[in-house]
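For reference, protein-v4.txt (compact mmCIF, C-alpha atoms):
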```txt
# COMPACT_ATOMS: atom_id res chain seq x y z
CA MET I 17 100.20 91.47 129.91
CA SER I 18 103.97 91.91 130.07
CA GLU I 19 105.59 95.29 129.46
CA PRO I 20 107.10 95.50 125.94
CA VAL I 21 110.87 95.63 125.79
CA MET I 22 112.13 99.12 125.08
CA ASP I 23 115.76 99.73 124.24
CA GLN I 24 117.68 102.11 122.02
CA ASN I 25 117.09 99.96 118.97
CA ARG I 26 113.32 99.69 119.44
CA PHE I 27 113.03 103.35 120.37
CA ASP I 28 114.85 104.32 117.18
CA GLN I 29 112.55 102.08 115.14
CA LEU I 30 109.46 103.68 116.67
CA VAL I 31 110.60 107.23 116.04
CA GLU I 32 111.81 106.37 112.56
CA ALA I 33 108.38 104.95 111.66
CA TYR I 34 105.91 107.11 113.59
CA GLY I 35 107.79 110.36 114.12
CA ALA I 36 108.42 112.41 117.25
CA ALA I 37 104.85 112.83 118.54
CA PRO I 38 104.14 110.23 121.25
CA TRP I 39 100.42 110.14 120.45
CA ARG I 40 101.32 108.58 117.09
CA TRP I 41 103.30 105.78 118.73
CA PRO I 42 101.59 102.40 119.22
CA ASP I 43 99.37 102.39 122.31
CA ASP I 44 101.06 99.38 123.87
CA GLU I 45 104.58 100.86 123.62
CA ARG I 46 103.98 104.53 124.29
CA ASP I 47 104.55 104.56 128.03
CA ALA I 48 107.70 102.46 127.85
CA ALA I 49 109.06 104.63 125.02
CA LEU I 50 108.40 107.82 126.98
CA ARG I 51 110.17 106.44 130.04
CA PHE I 52 113.09 105.37 127.87
CA ALA I 53 113.31 108.81 126.27
CA GLN I 54 113.58 110.52 129.66
CA GLY I 55 116.62 108.46 130.62
CA ALA I 56 118.47 108.23 127.31
CA PRO I 57 120.64 111.17 126.18
CA ALA I 58 120.63 109.98 122.57
CA ALA I 59 116.85 110.04 122.46
CA SER I 60 116.54 113.82 122.27
CA ASP I 61 118.70 114.04 119.14
CA ARG I 62 116.66 111.33 117.51
CA LEU I 63 113.42 113.07 118.46
CA ALA I 64 114.63 116.47 117.21
CA LYS I 65 115.51 115.00 113.82
CA ALA I 66 112.13 113.31 113.53
CA ARG I 67 110.32 116.46 114.68
CA ALA I 68 111.89 118.49 111.86
CA LEU I 69 110.34 116.09 109.33
CA ASP I 70 107.01 116.10 111.20
CA ASP I 71 106.94 119.90 111.08
CA ALA I 72 107.59 119.91 107.33
CA LEU I 73 104.84 117.34 106.74
CA ASP I 74 102.43 119.46 108.79
CA VAL I 75 102.85 122.36 106.38
CA TRP I 76 101.27 120.45 103.48
CA ALA I 77 97.71 121.66 103.86
CA MET I 78 94.73 120.77 101.71
CA ALA I 79 92.08 122.98 100.14
CA ALA I 80 88.56 122.69 101.53
CA ALA I 81 85.92 120.72 99.65
CA SER I 82 84.14 122.74 96.98
CA GLY I 83 80.43 123.36 97.29
CA THR I 84 79.96 121.77 93.89
CA VAL I 85 81.22 118.34 94.88
CA ARG I 86 79.24 118.49 98.14
CA ASP I 87 76.06 119.28 96.22
CA LYS I 88 76.63 116.48 93.70
CA ILE I 89 77.12 113.98 96.52
CA LEU I 90 74.04 115.11 98.40
CA LYS I 91 71.82 115.04 95.32
CA ALA I 92 72.55 111.32 94.98
CA ALA I 93 71.75 110.52 98.64
CA PRO I 94 68.75 108.27 99.43
CA GLY I 95 65.61 110.32 99.94
CA TRP I 96 67.25 113.57 98.86
CA ARG I 97 64.76 115.99 97.37
CA THR I 98 65.87 119.08 95.52
CA PRO I 99 63.62 122.02 96.39
CA ALA I 100 61.15 122.41 93.50
CA ILE I 101 61.53 125.50 91.32
CA ARG I 102 58.23 127.33 91.32
CA GLN I 103 56.71 127.14 87.86
CA PRO I 104 54.03 129.59 86.67
CA ARG I 105 51.00 127.33 86.77
CA PHE I 106 48.75 129.22 84.37
CA TRP I 107 51.27 129.99 81.69
CA TRP I 108 49.57 127.93 78.98
CA ALA I 109 46.10 129.04 80.01
CA GLY I 110 47.26 132.69 79.79
CA ALA I 111 48.78 132.13 76.38
CA GLY I 112 45.58 130.56 75.12
CA LEU I 113 43.51 133.44 76.47
CA ALA I 114 45.78 136.00 74.81
CA SER I 115 45.57 134.15 71.49
CA ALA I 116 41.79 134.00 71.69
CA CYS I 117 41.60 137.75 72.41
CA ALA I 118 43.91 138.55 69.49
CA LEU I 119 41.79 136.42 67.16
CA GLY I 120 38.64 138.16 68.34
CA VAL I 121 40.13 141.59 67.71
CA ALA I 122 41.27 140.55 64.23
CA VAL I 123 37.87 139.21 63.25
CA GLY I 124 36.17 142.35 64.58
CA ALA I 125 38.52 144.65 62.68
CA MET I 126 37.96 142.79 59.42
CA ALA I 127 34.20 142.80 59.89
CA ALA I 128 33.96 146.58 60.65
CA PRO I 129 34.41 147.92 57.05
CA LEU I 130 31.72 145.57 55.81
CA ALA I 131 29.34 146.73 58.52
CA ASP I 132 29.51 150.49 57.79
CA GLY I 133 30.21 150.24 54.04
CA ARG I 134 33.51 152.25 54.10
CA GLU I 135 36.78 151.17 52.38
CA ALA I 136 39.06 149.30 54.77
CA ASP I 137 42.54 150.78 55.42
CA PRO I 138 44.83 147.71 55.65
CA VAL I 139 47.49 149.51 57.76
CA ALA I 140 44.94 150.85 60.21
CA ALA I 141 43.33 147.44 60.33
CA MET I 142 46.67 145.80 61.22
CA ALA I 143 47.37 148.44 63.90
CA GLY I 144 43.95 147.83 65.35
CA GLN I 145 44.62 144.13 65.50
CA TYR I 146 47.82 144.50 67.49
CA ASP I 147 47.08 143.89 71.12
CA GLY I 148 50.60 143.41 72.45
CA ALA I 149 50.25 139.64 72.51
CA ALA I 150 52.32 139.01 69.42
CA PRO I 151 54.18 135.95 70.80
CA PHE I 152 50.90 134.11 71.09
CA GLY I 153 48.48 135.86 68.75
CA GLY I 154 50.79 137.35 66.12
CA ALA I 155 50.40 134.75 63.41
CA PHE I 156 47.92 136.69 61.26
CA ASP I 157 47.20 135.77 57.69
CA LEU I 158 47.83 139.19 56.12
CA GLY I 159 46.70 137.95 52.73
CA ALA I 160 43.22 137.32 54.09
CA MET I 161 42.83 141.04 55.00
CA SER I 162 43.43 142.51 51.53
CA MET E 22 86.39 92.95 109.35
CA LYS E 23 85.11 92.98 112.92
CA HIS E 24 85.88 96.01 115.03
CA PRO E 25 85.98 96.58 118.75
CA GLY E 26 83.51 99.01 120.29
CA PRO E 27 80.57 100.85 118.82
CA ASP E 28 80.87 102.59 115.48
CA PRO E 29 80.29 106.33 116.02
CA ASP E 30 78.96 106.69 112.47
CA GLU E 31 76.59 103.76 112.46
CA ASP E 32 73.50 105.58 113.67
CA LEU E 33 73.99 108.28 111.06
CA LEU E 34 74.37 105.71 108.30
CA LEU E 35 71.22 103.86 109.35
CA ARG E 36 69.32 107.14 109.18
CA VAL E 37 70.78 107.77 105.73
CA GLY E 38 69.49 104.34 104.75
CA ARG E 39 66.00 105.40 105.89
CA GLY E 40 66.21 108.35 103.51
CA GLU E 41 66.77 111.18 106.01
CA PRO E 42 68.37 114.10 104.15
CA ALA E 43 69.64 115.69 107.39
CA ALA E 44 71.62 112.52 108.15
CA ALA E 45 73.15 112.53 104.66
CA ARG E 46 74.12 116.17 105.11
CA ALA E 47 75.73 115.43 108.49
CA LEU E 48 77.63 112.43 107.15
CA VAL E 49 78.99 114.43 104.22
CA ALA E 50 80.07 117.22 106.55
CA ARG E 51 81.83 114.69 108.77
CA LYS E 52 83.54 112.56 106.12
CA LEU E 53 84.04 114.55 102.94
CA PRO E 54 87.02 116.64 104.12
CA ARG E 55 88.85 113.52 105.35
CA LEU E 56 88.21 111.52 102.19
CA LEU E 57 89.10 114.43 99.96
CA SER E 58 92.38 114.92 101.83
CA LEU E 59 93.22 111.25 101.50
CA ALA E 60 92.53 111.18 97.76
CA ARG E 61 94.22 114.52 97.15
CA ARG E 62 97.37 113.40 98.92
CA MET E 63 97.39 110.04 97.17
CA LEU E 64 96.69 111.39 93.68
CA GLY E 65 98.13 114.91 93.81
CA ASP E 66 95.18 116.24 91.84
CA GLN E 67 92.15 118.07 93.20
CA ALA E 68 89.73 117.17 90.38
CA GLU E 69 90.61 113.48 90.55
CA ALA E 70 90.33 113.56 94.33
CA GLU E 71 86.82 115.03 94.07
CA ASP E 72 85.84 112.25 91.63
CA VAL E 73 87.10 109.65 94.09
CA ALA E 74 85.29 111.24 97.03
CA GLN E 75 82.08 111.38 95.01
CA GLU E 76 82.37 107.71 94.08
CA VAL E 77 82.97 106.72 97.70
CA PHE E 78 79.78 108.49 98.75
CA LEU E 79 77.78 106.97 95.89
CA ARG E 80 78.80 103.54 97.11
CA THR E 81 78.01 104.53 100.68
CA TRP E 82 74.50 105.64 99.67
CA ARG E 83 73.98 102.30 97.95
CA GLN E 84 75.19 100.38 100.99
CA ALA E 85 73.28 102.43 103.57
CA PRO E 86 69.86 100.68 103.36
CA THR E 87 71.43 97.23 103.80
CA TRP E 88 74.40 98.10 106.03
CA ARG E 89 75.13 95.24 108.41
CA THR E 90 75.82 96.62 111.85
CA GLY E 91 78.82 95.40 113.83
CA GLU E 92 80.81 94.18 110.83
CA ALA E 93 83.02 97.05 109.70
CA LYS E 94 83.45 100.58 110.92
CA LEU E 95 82.04 102.96 108.36
CA ASP E 96 85.12 105.20 108.49
CA SER E 97 87.42 102.23 107.80
CA TRP E 98 85.14 100.97 105.04
CA MET E 99 85.05 104.40 103.34
CA HIS E 100 88.82 104.74 103.67
CA ARG E 101 89.32 101.33 102.10
CA VAL E 102 87.04 102.14 99.16
CA ALA E 103 88.81 105.48 98.67
CA LEU E 104 92.24 103.90 98.85
CA ASN E 105 91.32 101.22 96.32
CA LEU E 106 89.91 103.83 93.95
CA CYS E 107 93.16 105.79 94.30
CA TYR E 108 95.23 102.67 93.59
CA ASP E 109 93.10 102.06 90.47
CA ARG E 110 93.78 105.55 89.20
CA LEU E 111 97.49 105.36 89.95
CA ARG E 112 97.64 102.03 88.10
CA ARG E 113 95.89 103.54 85.09
CA ARG E 114 98.41 106.38 85.08
CA ARG E 115 101.28 103.89 84.95
CA GLU E 116 99.59 102.10 82.05
CA ASP E 117 99.00 105.38 80.24
CA PRO E 118 102.29 107.30 80.39
CA MET E 119 100.83 110.01 78.13
CA ALA E 120 98.25 110.91 80.75
CA ASP E 121 98.53 114.40 82.19
CA PRO E 122 100.90 114.46 85.16
CA PRO E 123 99.21 115.46 88.41
CA GLU E 124 99.54 119.01 89.57
CA GLN E 125 101.80 119.35 92.56
CA VAL E 126 100.68 122.66 93.95
CA ASP E 127 97.32 123.35 95.48
CA PRO E 128 96.55 126.92 94.40
CA GLY E 129 93.58 127.26 96.73
CA VAL E 130 95.82 126.81 99.72
CA ALA E 131 99.01 128.26 98.36
CA ALA E 132 97.52 131.67 97.70
CA ASP E 133 96.93 132.23 101.40
CA ARG E 134 100.31 131.17 102.67
CA GLY E 135 103.64 132.85 103.14
CA LEU E 136 106.41 132.21 100.67
CA ILE E 137 108.55 129.93 102.86
CA THR E 138 105.56 127.96 104.05
CA ARG E 139 104.33 127.63 100.49
CA GLN E 140 107.74 126.43 99.30
CA THR E 141 107.87 123.86 102.09
CA GLY E 142 104.36 122.63 101.32
CA ASP E 143 105.18 122.35 97.62
CA ALA E 144 108.41 120.50 98.40
CA VAL E 145 106.51 118.03 100.61
CA ALA E 146 103.89 117.52 97.89
CA SER E 147 106.61 116.84 95.32
CA ALA E 148 108.48 114.48 97.64
CA MET E 149 105.27 112.59 98.44
CA ALA E 150 104.53 112.22 94.73
CA THR E 151 107.81 110.40 94.21
CA LEU E 152 107.08 107.73 96.85
CA PRO E 153 105.85 104.30 95.79
CA ALA E 154 102.07 104.13 96.20
CA ARG E 155 102.08 101.88 99.26
CA GLN E 156 104.64 103.98 101.13
CA ARG E 157 102.62 107.07 100.29
CA ALA E 158 99.47 105.36 101.53
CA ALA E 159 101.17 104.42 104.79
CA ILE E 160 102.16 108.04 105.46
CA VAL E 161 98.76 109.38 104.40
CA LEU E 162 96.84 106.95 106.60
CA CYS E 163 99.03 107.09 109.72
CA TYR E 164 100.18 110.67 109.55
CA TYR E 165 97.53 112.74 107.81
CA GLN E 166 94.40 110.63 108.40
CA GLU E 167 95.56 109.95 111.96
CA LEU E 168 94.64 106.28 111.92
CA SER E 169 96.35 103.99 114.41
CA ASN E 170 99.03 101.63 113.14
CA ILE E 171 96.61 98.71 113.57
CA GLU E 172 93.78 100.44 111.67
CA ALA E 173 96.13 101.46 108.85
CA ALA E 174 97.67 98.00 108.64
CA THR E 175 94.21 96.40 108.51
CA LEU E 176 93.14 98.80 105.77
CA MET E 177 96.21 98.04 103.70
CA GLU E 178 95.93 94.33 104.47
CA VAL E 179 99.47 94.08 105.85
CA SER E 180 100.90 93.21 109.25
CA VAL E 181 101.74 95.94 111.73
CA GLU E 182 105.43 95.12 111.23
CA ALA E 183 105.07 95.57 107.47
CA MET E 184 103.26 98.86 108.05
CA GLU E 185 106.14 100.05 110.25
CA SER E 186 108.60 99.11 107.55
CA LEU E 187 106.62 101.05 104.92
CA LEU E 188 106.49 104.08 107.22
CA SER E 189 110.23 103.97 107.98
CA ARG E 190 111.19 103.70 104.32
CA ALA E 191 108.79 106.47 103.38
CA ARG E 192 110.10 108.82 106.05
CA ARG E 193 113.72 108.12 105.05
CA ALA E 194 112.91 108.89 101.41
CA LEU E 195 111.01 112.05 102.36
CA ARG E 196 113.85 113.26 104.57
CA MET E 197 116.37 112.81 101.73
CA ALA E 198 114.11 114.50 99.19
CA LEU E 199 113.45 117.44 101.49
CA ALA E 200 117.15 117.76 102.34
CA ASP E 201 117.88 117.97 98.60
CA GLU E 202 115.38 120.83 98.40
CA ALA E 203 117.07 122.49 101.43
CA VAL E 204 113.85 122.21 103.41
CA LEU E 205 115.59 119.97 105.97
CA ASP E 206 119.23 119.95 107.15
```
Structure rendered as structure tokens:
Amino acid sequence: MSEPVMDQNRFDQLVEAYGAAPWRWPDDERDAALRFAQGAPAASDRLAKARALDDALDVWAMAAASGTVRDKILKAAPGWRTPAIRQPRFWWAGAGLASACALGVAVGAMAAPLADGREADPVAAMAGQYDGAAPFGGAFDLGAMS
Amino acid sequence: MKHPGPDPDEDLLLRVGRGEPAAARALVARKLPRLLSLARRMLGDQAEAEDVAQEVFLRTWRQAPTWRTGEAKLDSWMHRVALNLCYDRLRRRREDPMADPPEQVDPGVAADRGLITRQTGDAVASAMATLPARQRAAIVLCYYQELSNIEAATLMEVSVEAMESLLSRARRALRMALADEAVLD
């Protein structure tokens, strides 16, 4: 392959387009351009001017990628599995048990005055029914106790 | 688009296609910063750039299981998708002049820099924003993305001579704009 022609005109074109850093110049012209630059007094002025613009362009830095966008991308990847959040397995069974206990206490409290023949105290009866499980067993029918 | 030599990303992409999360993580670590920089510099807006990067990866995930080896380099393919998405957004902005103008300053970076450096960076961002989209793309691809002139020309579907012309015009315009801002003599 023949050596590309390098003269002042082509050297100026290269620097004007690609800047002062030789590694940005086209592979097939880099060596010839470097040789030309060593022997041409005008080349250093041209390079200095281009380098000033290169240096300014270098200053324009970018922010790093946010973790949010990285996570969104990864969640859509084939085969990606999000770690499962541990769920309490016996939540509903516990709620049912608490409700059953509360119901049992309520029935027992209502039956007690009938068993020993004394007058029932509605307030005491309600207090006796409270077992701390109000979210699950708190739906008493107060009318049924009077 | 055929490419010479092996594609350094091909193995990773094939593993992504087989559903290996570690490969997806590695590919994102390798490509996301580059794609985000490209989109950010083309669009001048961090949120829009993140949308573009996300879309590029979504398309990559869809392509991964059926990726045909030896046809296109993954990096070039992702750059082309990103560039086209950026062009689409820039076109929509032209059609919708009431759309919010892009922010010019990147606060995440600016906060950590000295005043003169920050002013220079802001001036470069503003000057880049005034370039026609194809000149801006030429600078972004050749200068910031560090693609060769042949790779950049192929991506933009122009000849190497046309790419050189875009670069020369862009650099002349940038030099004038930065001289007006007293960043350059």
Item to check | Residues of chain I within 7 Å of chain E, all atoms listed in the file counted, as JSON, numbers by chain | outcome: {"I": [32, 33, 42, 69, 72, 73, 75, 76, 77, 78, 79, 80, 81, 85, 89, 90, 92, 93, 94, 95, 96]}
Write the selection just made, keeping C-alpha atoms, as a compact mmCIF listing (two decimals), in the coordinates of the input?
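Contents of part-v5.txt, freshly written:
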```
# COMPACT_ATOMS: atom_id res chain seq x y z
CA GLU I 32 111.81 106.37 112.56
CA ALA I 33 108.38 104.95 111.66
CA PRO I 42 101.59 102.40 119.22
CA LEU I 69 110.34 116.09 109.33
CA ALA I 72 107.59 119.91 107.33
CA LEU I 73 104.84 117.34 106.74
CA VAL I 75 102.85 122.36 106.38
CA TRP I 76 101.27 120.45 103.48
CA ALA I 77 97.71 121.66 103.86
CA MET I 78 94.73 120.77 101.71
CA ALA I 79 92.08 122.98 100.14
CA ALA I 80 88.56 122.69 101.53
CA ALA I 81 85.92 120.72 99.65
CA VAL I 85 81.22 118.34 94.88
CA ILE I 89 77.12 113.98 96.52
CA LEU I 90 74.04 115.11 98.40
CA ALA I 92 72.55 111.32 94.98
CA ALA I 93 71.75 110.52 98.64
CA PRO I 94 68.75 108.27 99.43
CA GLY I 95 65.61 110.32 99.94
CA TRP I 96 67.25 113.57 98.86
```
Next on the checklist: Residues within 8 Å of Leu104 in chain E, please, as a list in words. Count all atoms listed in the file; anything in the same chain fewer than 4 positions from it doesn't count.
Outcome noted: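 Contacts, in chain order: Leu59, Ala60, His100, Tyr108 and Ala158 of chain E.
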Checklist entry - With all atoms listed in the file as the basis for distance, which of I:Leu30, I:Gln24, I:Gly35, I:Thr84 is at the shortest distance from Ala59 in chain I? => result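 Among I:Leu30, I:Gln24, I:Gly35, I:Thr84, it is I:Gln24 that comes nearest to Ala59 in chain I.
Note that the spacing between CA of Arg110 in chain E and CA of Leu64 in chain E amounts to 7.9 Å.
Taking CA of Glu45 in chain I and CA of Met22 in chain I as endpoints, the distance between them is 7.9 Å.
CA of Gln84 in chain E is positioned 9.9 Å from CA of Leu35 in chain E.
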Item to check | Proximity to Gln29 in chain I - best of E:Glu182, E:Ser147, E:Ala203, E:Ala198, only C-alpha atoms | outcome: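 That would be E:Glu182, the residue with the smallest distance to Gln29 in chain I.
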Checklist entry - Can you tell me, as a PyMOL selection string, which residues sit within 12 Å of (90.9, 100.5, 100.7) in the file's frame, using only C-alpha atoms? => result chain E and resi 56+59-60+73+77+95-109+155+158-159+162+172-179
Next on the checklist: Ranking I:Arg46, I:Arg40, I:Arg51, I:Arg62 by minimum distance to Asn25 in chain I and counting only C-alpha atoms, which one comes first?
Outcome noted: I:Arg62
Would you mind writing range 33-52 of chain I with N, CA and C atoms, as a PDB file, in the frame of the given file?
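Written output follows (part31.pdb):
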```
ATOM      1  N   ALA I  33     109.631 105.287 112.358  1.00  0.00           N
ATOM      2  CA  ALA I  33     108.380 104.950 111.660  1.00  0.00           C
ATOM      3  C   ALA I  33     107.268 105.956 111.942  1.00  0.00           C
ATOM      4  N   TYR I  34     107.103 106.333 113.208  1.00  0.00           N
ATOM      5  CA  TYR I  34     105.910 107.110 113.590  1.00  0.00           C
ATOM      6  C   TYR I  34     106.198 108.596 113.852  1.00  0.00           C
ATOM      7  N   GLY I  35     107.469 108.973 113.886  1.00  0.00           N
ATOM      8  CA  GLY I  35     107.790 110.360 114.120  1.00  0.00           C
ATOM      9  C   GLY I  35     107.961 110.677 115.597  1.00  0.00           C
ATOM     10  N   ALA I  36     108.046 111.973 115.897  1.00  0.00           N
ATOM     11  CA  ALA I  36     108.420 112.410 117.250  1.00  0.00           C
ATOM     12  C   ALA I  36     107.230 112.562 118.196  1.00  0.00           C
ATOM     13  N   ALA I  37     106.023 112.589 117.673  1.00  0.00           N
ATOM     14  CA  ALA I  37     104.850 112.830 118.540  1.00  0.00           C
ATOM     15  C   ALA I  37     104.409 111.529 119.215  1.00  0.00           C
ATOM     16  N   PRO I  38     104.483 111.485 120.560  1.00  0.00           N
ATOM     17  CA  PRO I  38     104.140 110.230 121.250  1.00  0.00           C
ATOM     18  C   PRO I  38     102.735 109.725 120.959  1.00  0.00           C
ATOM     19  N   TRP I  39     101.793 110.617 120.681  1.00  0.00           N
ATOM     20  CA  TRP I  39     100.420 110.140 120.450  1.00  0.00           C
ATOM     21  C   TRP I  39     100.315 109.319 119.161  1.00  0.00           C
ATOM     22  N   ARG I  40     101.324 109.411 118.302  1.00  0.00           N
ATOM     23  CA  ARG I  40     101.320 108.580 117.090  1.00  0.00           C
ATOM     24  C   ARG I  40     101.968 107.216 117.332  1.00  0.00           C
ATOM     25  N   TRP I  41     102.647 107.063 118.447  1.00  0.00           N
ATOM     26  CA  TRP I  41     103.300 105.780 118.730  1.00  0.00           C
ATOM     27  C   TRP I  41     102.244 104.738 119.073  1.00  0.00           C
ATOM     28  N   PRO I  42     102.572 103.455 118.893  1.00  0.00           N
ATOM     29  CA  PRO I  42     101.590 102.400 119.220  1.00  0.00           C
ATOM     30  C   PRO I  42     101.186 102.467 120.699  1.00  0.00           C
ATOM     31  N   ASP I  43      99.915 102.267 120.942  1.00  0.00           N
ATOM     32  CA  ASP I  43      99.370 102.390 122.310  1.00  0.00           C
ATOM     33  C   ASP I  43     100.138 101.539 123.319  1.00  0.00           C
ATOM     34  N   ASP I  44     100.463 100.310 122.895  1.00  0.00           N
ATOM     35  CA  ASP I  44     101.060  99.380 123.870  1.00  0.00           C
ATOM     36  C   ASP I  44     102.540  99.646 124.129  1.00  0.00           C
ATOM     37  N   GLU I  45     103.149 100.577 123.405  1.00  0.00           N
ATOM     38  CA  GLU I  45     104.580 100.860 123.620  1.00  0.00           C
ATOM     39  C   GLU I  45     104.842 102.301 124.048  1.00  0.00           C
ATOM     40  N   ARG I  46     103.791 103.101 124.062  1.00  0.00           N
ATOM     41  CA  ARG I  46     103.980 104.530 124.290  1.00  0.00           C
ATOM     42  C   ARG I  46     104.616 104.825 125.650  1.00  0.00           C
ATOM     43  N   ASP I  47     104.059 104.257 126.690  1.00  0.00           N
ATOM     44  CA  ASP I  47     104.550 104.560 128.030  1.00  0.00           C
ATOM     45  C   ASP I  47     106.009 104.150 128.197  1.00  0.00           C
ATOM     46  N   ALA I  48     106.317 102.956 127.721  1.00  0.00           N
ATOM     47  CA  ALA I  48     107.700 102.460 127.850  1.00  0.00           C
ATOM     48  C   ALA I  48     108.652 103.342 127.041  1.00  0.00           C
ATOM     49  N   ALA I  49     108.205 103.785 125.865  1.00  0.00           N
ATOM     50  CA  ALA I  49     109.060 104.630 125.020  1.00  0.00           C
ATOM     51  C   ALA I  49     109.286 105.993 125.684  1.00  0.00           C
ATOM     52  N   LEU I  50     108.251 106.530 126.293  1.00  0.00           N
ATOM     53  CA  LEU I  50     108.400 107.820 126.980  1.00  0.00           C
ATOM     54  C   LEU I  50     109.371 107.703 128.149  1.00  0.00           C
ATOM     55  N   ARG I  51     109.255 106.639 128.906  1.00  0.00           N
ATOM     56  CA  ARG I  51     110.170 106.440 130.040  1.00  0.00           C
ATOM     57  C   ARG I  51     111.601 106.303 129.531  1.00  0.00           C
ATOM     58  N   PHE I  52     111.743 105.566 128.435  1.00  0.00           N
ATOM     59  CA  PHE I  52     113.090 105.370 127.870  1.00  0.00           C
ATOM     60  C   PHE I  52     113.658 106.727 127.426  1.00  0.00           C
TER      61      PHE I  52
END
```
